[in-house]
2 protein chains.
Amino acid sequence: MNPVGSDVSRGKESEAGRREHVLDAALLIFARYGYRKASMDDIARAAGISRPGLYFHFASKQDLFRAAVTRALDGDVAAAERALSETGRPLRDRLVEAFDHWTGRYIGPMTQDIALVIESNPDLLEPMAGEYATRFAGLVTDALTAGVPVNRGGVASDVAQTLLSTAMGIKHEVSSREEFLVRMTVGVGLLLLALERAP
Amino acid sequence: MNPVGSDVSRGKESEAGRREHVLDAALLIFARYGYRKASMDDIARAAGISRPGLYFHFASKQDLFRAAVTRALDGDVAAAERALSETGRPLRDRLVEAFDHWTGRYIGPMTQDIALVIESNPDLLEPMAGEYATRFAGLVTDALTAGVPVNRGGVASDVAQTLLSTAMGIKHEVSSREEFLVRMTVGVGLLLLALERAP
DNA sequence: ACTAAACAAAATAAGCATATCTTGTTAAGT
DNA sequence: ACTTAACAAGATATGCTTATTTTGTTTAGT
């Protein structure tokens, strides 16, 4: 457990605070090793600071973990919201991008288990994670509702919920972010078709 | 590890052979304990036969496991095929039932990890499991293709693939078979709408 | 707003001997 | 076409001791 050269590149020109930099490094290490096997020393080294320095920013490992995941989820939801709000672009593209931020980011050889880390440590951040999921679902539902003239019988939320499940399923089936995007584009296209032409 | 009274009820009137009865019991035990923790003794007791009797039917534990899973998958695919072939019924209902046989069965407090057992023992039954999935996907695609007059640009297979992912996703979100069916009905309804009104 | 050095307490890992379980087989019987 | 009884070999679990890590804190320094 001695990851040499795993320092996160960071010049003095960084506009983000040290705190944010540390959280990014922490998320990387947590994603790589899981909560249990990631040591504060690993994270401190990855962030390029000393271990006591870590404790200057965060009271405990749990605290750091919570902060790192919160930051990631905050960023994901914000990015998704940003993408969905660009009403000039086709709804289809905005939805795909939103799902990419929410789910697609966490697919791949290196980061593939970060979602798993969150899932398998429910005690550490419940009900936080669930709330973010609800928020994202709300964003998608809103975008869908706004994207069609009428909303008879709450079709938009049905489409949203189905889309969320589809994204979940695709995530489990694919092994790369590109594949996720291709499959998700198809799914979004089909379900938008259903929404537009709903009875 | 002494499950008393876990005998599988079985009268002498059973039309199915003893072999099938044993496989059913084995699947139950494998599902409950996982491959590793399920002992041949557990299975023999559940099947109501002696442990050497088990070895009369199956050469090894792996053999038994493979046979049990094969039987289950065979049954699931056959049931799905049967449901899909009842062309008098609405396609929607047939699809939901097919997915119930394929996925819905394996949701619930007791049997929820049988799919997990299959997934987490890839060495024991690959590429078998993948082949069944492909077969089921083919059945769904065929039913969709037959269900609509024209099939421009392979929409049917797109819908099929998306539906498979949706089912996967719902399965991971839901905790009861009933909930699965409700959610799946919505998903099937929407994607059929997309298929029917595809450009 | 940190660093390096050092520390206690607790958790985790490693090693190892012993006990229990499990697999697969055999034999004798019905 | 099975049963019970018994067995060897191997795997797995258990308990225990000893090392190593890791967390969280402190102190002194820049």
# chains A, B, ... in the order shown; residues from 1 in each chain; ligands from 1
$ interface_residues --of "chain C" --to "chain A" --cutoff "9 Å" --atoms "only C-alpha atoms (C1' of nucleotides)" --output "ChimeraX atom specification"
/C:1-4
$ write_last_selection --atoms "C-alpha atoms (C1' of nucleotides)" --output "PDB file, in the first residue's frame"
ATOM      1  C1'  DA C   1      -2.068  27.389   7.190  1.00  0.00           C
ATOM      2  C1'  DC C   2       0.355  24.417   7.249  1.00  0.00           C
ATOM      3  C1'  DT C   3       4.959  20.664   8.144  1.00  0.00           C
ATOM      4  C1'  DA C   4       7.722  17.099  10.408  1.00  0.00           C
TER       5       DA C   4
END
$ residues_around --residues "DT26 (chain C)" --least-positions-apart "3" --cutoff "12 Å" --atoms "only C-alpha atoms (C1' of nucleotides)" --output "PyMOL selection string"
(chain B and resi 52) or (chain D and resi 5-8)
$ closest_residue --among "A:Val186, A:Val150, A:Ala44, A:Leu163" --to "Ala198 (chain A)" --atoms "only C-alpha atoms"
A:Val150
$ interface_residues --of "chain A" --to "chain D" --cutoff "10 Å" --atoms "only C-alpha atoms (C1' of nucleotides)" --output "PDB file with N, CA and C atoms, in the first residue's frame"
ATOM      1  N   SER A  39      -6.377   4.642   3.039  1.00  0.00           N
ATOM      2  CA  SER A  39      -5.900   5.199   4.311  1.00  0.00           C
ATOM      3  C   SER A  39      -5.752   6.710   4.189  1.00  0.00           C
ATOM      4  N   MET A  40      -5.821   7.369   5.308  1.00  0.00           N
ATOM      5  CA  MET A  40      -5.648   8.816   5.332  1.00  0.00           C
ATOM      6  C   MET A  40      -4.278   9.181   4.787  1.00  0.00           C
ATOM      7  N   ASP A  41      -3.325   8.300   4.980  1.00  0.00           N
ATOM      8  CA  ASP A  41      -1.983   8.532   4.458  1.00  0.00           C
ATOM      9  C   ASP A  41      -2.001   8.509   2.933  1.00  0.00           C
ATOM     10  N   PRO A  52      -1.351  15.028   9.088  1.00  0.00           N
ATOM     11  CA  PRO A  52      -1.975  15.968  10.033  1.00  0.00           C
ATOM     12  C   PRO A  52      -2.661  17.123   9.328  1.00  0.00           C
ATOM     13  N   TYR A  55      -6.150  16.377   8.699  1.00  0.00           N
ATOM     14  CA  TYR A  55      -7.006  16.520   9.877  1.00  0.00           C
ATOM     15  C   TYR A  55      -7.266  17.990  10.208  1.00  0.00           C
ATOM     16  N   ALA A  59     -12.281  16.530  10.218  1.00  0.00           N
ATOM     17  CA  ALA A  59     -12.146  16.011  11.580  1.00  0.00           C
ATOM     18  C   ALA A  59     -11.851  14.513  11.619  1.00  0.00           C
ATOM     19  N   SER A  60     -12.357  13.776  10.671  1.00  0.00           N
ATOM     20  CA  SER A  60     -12.172  12.330  10.694  1.00  0.00           C
ATOM     21  C   SER A  60     -12.258  11.763   9.285  1.00  0.00           C
ATOM     22  N   LYS A  61     -11.969  10.489   9.170  1.00  0.00           N
ATOM     23  CA  LYS A  61     -12.019   9.828   7.879  1.00  0.00           C
ATOM     24  C   LYS A  61     -13.458   9.816   7.348  1.00  0.00           C
TER      25      LYS A  61
END
$ closest_atom_pairs --of "chain A" --to "chain B" --cutoff "12 Å" --atoms "only C-alpha atoms" --output "tab-separated table"
residue	atom	partner	partner_atom	distance
A:Glu119	CA	B:His172	CA	11.7
A:Gly130	CA	B:Glu173	CA	11.8
A:Ala133	CA	B:Glu173	CA	11.9
A:Gly154	CA	B:Val186	CA	11.6
A:Val155	CA	B:Leu190	CA	9.0
A:Ala156	CA	B:Leu190	CA	10.7
A:Ser157	CA	B:Val186	CA	10.7
A:Asp158	CA	B:Val186	CA	7.0
A:Val159	CA	B:Leu190	CA	7.3
A:Ala160	CA	B:Gly187	CA	10.2
A:Gln161	CA	B:Arg183	CA	8.7
A:Thr162	CA	B:Gly187	CA	5.7
A:Leu163	CA	B:Thr166	CA	7.7
A:Leu164	CA	B:Gly169	CA	7.9
A:Ser165	CA	B:Gly169	CA	4.3
A:Thr166	CA	B:Thr166	CA	3.9
A:Ala167	CA	B:Gly169	CA	7.1
A:Met168	CA	B:Gly169	CA	4.7
A:Gly169	CA	B:Gly169	CA	3.9
A:Ile170	CA	B:Ser165	CA	5.3
A:Lys171	CA	B:Gly169	CA	8.6
A:His172	CA	B:Met168	CA	8.1
A:Glu173	CA	B:Ser165	CA	7.6
A:Val174	CA	B:Ser165	CA	10.2
A:Phe180	CA	B:Ser165	CA	11.2
A:Val182	CA	B:Asp158	CA	11.2
A:Arg183	CA	B:Thr162	CA	7.7
A:Met184	CA	B:Thr162	CA	8.5
A:Thr185	CA	B:Thr162	CA	10.2
A:Val186	CA	B:Asp158	CA	6.9
A:Gly187	CA	B:Thr162	CA	5.7
A:Val188	CA	B:Thr162	CA	9.4
A:Gly189	CA	B:Ala194	CA	8.8
A:Leu190	CA	B:Ala194	CA	5.5
A:Leu191	CA	B:Leu191	CA	6.3
A:Leu192	CA	B:Ala194	CA	7.9
A:Leu193	CA	B:Ala194	CA	5.2
A:Ala194	CA	B:Ala194	CA	4.4
A:Leu195	CA	B:Leu190	CA	7.6
A:Glu196	CA	B:Ala194	CA	9.1
A:Arg197	CA	B:Arg197	CA	7.5
A:Ala198	CA	B:Leu193	CA	7.4
A:Pro199	CA	B:Leu193	CA	9.2
$ atom_distance --atom1 "CA of Leu139 (chain A)" --atom2 "CA of Asn151 (chain A)"
15.8 Å
$ residues_around --residues "Arg18 (chain A)" --least-positions-apart "6" --cutoff "10 Å" --atoms "only C-alpha atoms (C1' of nucleotides)" --output "list in words"
Arg10, Asp24, Ala47, Ile49 and His57 of chain A
$ select_by_dssp --residues "region 72-183 of chain A" --states "helix (DSSP H, G or I)" --output "NGL selection string"
:A and (72-85 or 91-102 or 104-106 or 114-119 or 122-125 or 128-147 or 152-173 or 177-183)
